[in-house]
Structures are given as C-alpha cells and as structure tokens.
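> Pasting in a structure now, in structure tokens, and then I'll have a few things to ask.
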Amino acid sequence: MRIFSHIDLLRHGEIQGGGRFFGSTDIALTEHGWQQMWTRTEINSPCWDHIVTSPLIRCANFAQAFGLHYSIPITQDDRIKEFDFGVWEGCSAAELMNSDAESLTRFWNNPAKYTPTNAEYLIDFQARVLSAWHDITSIYAGQRILIITHSGVIRTILCHVLQHPIERLLEFDVAYATLRHIQIETLENSQLATLIPDRPT
C-alpha cells in the first residue's frame, strides 16, 4: 500500500543579536521574528497533525504558542538542534574575517573538512539530524508534520533528499521563517522523498 506523508521544514524567525554564529547558543526571537513565523505558518494552518521542534527557545517557544492556539500536539527532539560552532559561537562573520579570515574561508568552502575549534564535526551533525529525520518519517507516516528547526538542520535534510554531498549544504539559501515542503511516498520498505516548490509567502 502506498502512503503519502507531507513534512514542512520551518526555520525560526529573526533572533536577537542576529548576524552572528548562534548554533547551540539559546537565543530568543525578536518581536519581528515572532511575526515572521506567525505570518508564514498562518498561510497553511491548521493543516498539520503534529509539530516536532528543536528544544532551543527560538524554535520551541513559537512551537508551544502555535500548537496551543491550534490544538496541535508537539514533540521536542534534541537531534534537530542547530550545529555547534564551538569557539565561533556568538561571533559575526566580520569579526572572524578580521581575526581568522583563513579559517572562515576554508569553512565556507568545505565545512565537512574544516571544522571550527571545539565545534561539532559536520559528519556527526549530519548523523544526528538524519537519525531524527528517519524516525519522524517512520513514526508519522501518512500525516502532515511541521518541523520547526534551524538553517543547518534544514540544509542537511535538503542534501539528503536531493542526494547532494553534505559538503554542499551551504549552497542552500534558508532565510528566516523559510518553509520548505517535502512529500514522502512510502511503499512497503522503501521511501521516495520529493522536494515540492516553495509555497508563496
């Protein structure tokens, strides 16, 4: 029997102190960031059966508010937290260009090979994100799911769905409150994931 699932990947909105490497750092949304997410989700609401969110407050606080408003159950999953940038946490790209331009340039060119000091290895990040992805697509087969998460997580899933090497994840533009839609077709023990063109804002 063929089962279709529909999964939307929503990046959080604008955060306080934006423009810096805030991966594992727990930073709140700005007022504008809240509005961005309400605007983006209300185009589609309340079509989702379940919400899965990163535990970081820039995702989880909105998930709780949105889920409560539309009576949608919510699950937090630590595996869809953002990439940990190590010593770059809280730094801007401009600051790093002044202090360590070579390391930043190498990272942009090949994030899998050139990891910031004390940061998470990209291959480990990919493994935890895809572990969550496989569980979500299995547990919620046949449902409409909203995943509220981060740009790095969304890029990793897009690489997986489109069969791009993880080294190319930074090629995807994932702006604040971006919503990407993926359809999963499950047939017996196989799955086919298709990226659906972006919905209008």
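Scheme for the structure tokens: letters A, B, ... for chains in order shown; per-chain residue numbers from 1; ligand numbers from 1 in order shown.
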Report as a PyMOL selection string: the residues of segment 9-97 of chain A with a DSSP assignment of strand (DSSP E), based on the backbone of this structure.
chain A and resi 9-11+50-53+74-76
> I'd like to know which residues of segment 83-177 of chain A are helix (DSSP H, G or I) (by DSSP, run on the backbone); could you write them as a ChimeraX atom specification?
/A:86-88,93-109,122-139,151-162,166-171
> What's around Arg40 of chain A at 9 Å? Count only C-alpha atoms, leave out sequence neighbours fewer than 5 positions away in its own chain, and write the answer as a PyMOL selection string.
chain A and resi 10+35+177-179+201
> Could you dump the residues just selected with C-alpha atoms as a PDB file, in the first residue's frame?

ATOM      1  CA  LEU A  10      10.251  25.768   9.045  1.00  0.00           C
ATOM      2  CA  GLN A  35       5.676  37.962  13.475  1.00  0.00           C
ATOM      3  CA  ALA A 177      10.981  31.779   8.529  1.00  0.00           C
ATOM      4  CA  THR A 178      11.638  29.869   5.299  1.00  0.00           C
ATOM      5  CA  LEU A 179       9.204  26.974   4.784  1.00  0.00           C
ATOM      6  CA  THR A 201       4.554  33.966   1.183  1.00  0.00           C
TER       7      THR A 201
END
> Could you pull the residues within 9 Å of segment 154-163 of chain A, counting only C-alpha atoms, minus those fewer than 5 positions along the same chain, as a list in words?
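In the requested format, the answer is Leu9, Leu10, Arg11, Phe125, Gln126, Val129, Leu130, Trp133, Thr149, Arg168, Leu169, Leu170, Glu171, Phe172, Asp173, Val174, Arg180, Ile182, Leu192, Ala193, Thr194 and Leu195 of chain A.
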> Would you mind exporting the chosen residues as a tab-separated table (two decimals), in the first residue's frame, restricted to N, CA and C atoms?

chain	number	residue	atom	x	y	z
A	9	LEU	N	9.37	21.94	6.64
A	9	LEU	CA	10.55	22.34	7.42
A	9	LEU	C	10.53	23.86	7.57
A	10	LEU	N	10.34	24.33	8.78
A	10	LEU	CA	10.25	25.77	9.04
A	10	LEU	C	11.46	26.23	9.84
A	11	ARG	N	12.19	27.18	9.29
A	11	ARG	CA	13.27	27.80	10.07
A	11	ARG	C	12.67	28.86	10.98
A	125	PHE	N	27.04	15.90	13.01
A	125	PHE	CA	25.81	16.69	12.92
A	125	PHE	C	24.86	16.05	11.92
A	126	GLN	N	25.36	15.69	10.76
A	126	GLN	CA	24.55	15.03	9.75
A	126	GLN	C	23.93	13.75	10.29
A	129	VAL	N	21.02	14.55	12.77
A	129	VAL	CA	19.86	15.12	12.08
A	129	VAL	C	19.13	14.05	11.28
A	130	LEU	N	19.87	13.23	10.55
A	130	LEU	CA	19.22	12.21	9.73
A	130	LEU	C	18.63	11.09	10.58
A	133	TRP	N	15.36	12.55	11.32
A	133	TRP	CA	14.56	12.57	10.09
A	133	TRP	C	13.96	11.19	9.79
A	149	THR	N	12.79	24.24	13.14
A	149	THR	CA	14.19	23.96	13.39
A	149	THR	C	15.08	25.09	12.87
A	168	ARG	N	28.06	20.37	0.39
A	168	ARG	CA	27.37	21.40	-0.39
A	168	ARG	C	26.21	22.05	0.36
A	169	LEU	N	26.08	21.77	1.65
A	169	LEU	CA	24.89	22.27	2.36
A	169	LEU	C	24.79	23.79	2.37
A	170	LEU	N	25.92	24.49	2.34
A	170	LEU	CA	25.87	25.95	2.40
A	170	LEU	C	25.40	26.58	1.09
A	171	GLU	N	25.22	25.76	0.05
A	171	GLU	CA	24.69	26.28	-1.22
A	171	GLU	C	23.20	26.61	-1.12
A	172	PHE	N	22.52	26.03	-0.13
A	172	PHE	CA	21.08	26.28	0.01
A	172	PHE	C	20.85	27.58	0.78
A	173	ASP	N	19.99	28.42	0.26
A	173	ASP	CA	19.60	29.66	0.94
A	173	ASP	C	18.39	29.36	1.82
A	174	VAL	N	18.56	29.49	3.13
A	174	VAL	CA	17.47	29.22	4.07
A	174	VAL	C	17.31	30.45	4.96
A	180	ARG	N	10.04	24.95	3.75
A	180	ARG	CA	10.29	24.01	2.66
A	180	ARG	C	9.38	22.80	2.85
A	182	ILE	N	8.27	18.89	1.83
A	182	ILE	CA	8.74	17.61	1.30
A	182	ILE	C	7.61	16.59	1.37
A	192	LEU	N	10.35	7.34	-1.03
A	192	LEU	CA	10.76	8.30	-2.04
A	192	LEU	C	10.40	9.69	-1.54
A	193	ALA	N	11.42	10.53	-1.35
A	193	ALA	CA	11.20	11.89	-0.87
A	193	ALA	C	11.31	12.87	-2.02
A	194	THR	N	10.36	13.80	-2.12
A	194	THR	CA	10.34	14.78	-3.19
A	194	THR	C	10.22	16.17	-2.61
A	195	LEU	N	11.11	17.07	-3.01
A	195	LEU	CA	11.03	18.46	-2.58
A	195	LEU	C	10.03	19.19	-3.46
> So which residues touch Asp26 of chain A within 9 Å, counting only C-alpha atoms, skipping near sequence neighbours fewer than 5 positions away, as an mmCIF file with N, CA and C atoms, in the first residue's frame?

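selection34.cif written:
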data_model
loop_
_atom_site.group_PDB
_atom_site.id
_atom_site.type_symbol
_atom_site.label_atom_id
_atom_site.label_comp_id
_atom_site.auth_asym_id
_atom_site.auth_seq_id
_atom_site.Cartn_x
_atom_site.Cartn_y
_atom_site.Cartn_z
ATOM 1 N N LEU A 56 15.629 24.446 21.424
ATOM 2 C CA LEU A 56 16.127 25.809 21.609
ATOM 3 C C LEU A 56 14.964 26.792 21.516
ATOM 4 N N ILE A 57 14.996 27.827 22.378
ATOM 5 C CA ILE A 57 13.809 28.664 22.572
ATOM 6 C C ILE A 57 13.390 29.428 21.327
ATOM 7 N N ARG A 58 14.299 29.674 20.397
ATOM 8 C CA ARG A 58 13.905 30.373 19.173
ATOM 9 C C ARG A 58 12.988 29.520 18.303
#
> Tell me which of A:Ser92, A:Gln143, A:Ser190, A:Thr30 sits closest to Cys47 of chain A, counting only C-alpha atoms.
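Of all the options, A:Gln143 lies closest to Cys47 of chain A.
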> Mind checking which residues fall within 9 Å of segment 111-117 of chain A, counting only C-alpha atoms, ignoring those fewer than 3 positions away in the same chain, and posting them as a list in words?
Phe85, Gly86, Val87, Trp88, Ser103, Leu104, Arg106, Phe107, Trp108, Glu120, Tyr121, Leu122, Ile123, Ile166, Glu167, Arg168, Leu169 and Leu170 of chain A
> Return the single residue from A:Arg79, A:His6, A:His134, A:Arg20 that is closest to His181 of chain A, with distances computed using only C-alpha atoms.
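Among the listed residues, the smallest separation from His181 of chain A belongs to A:His6.
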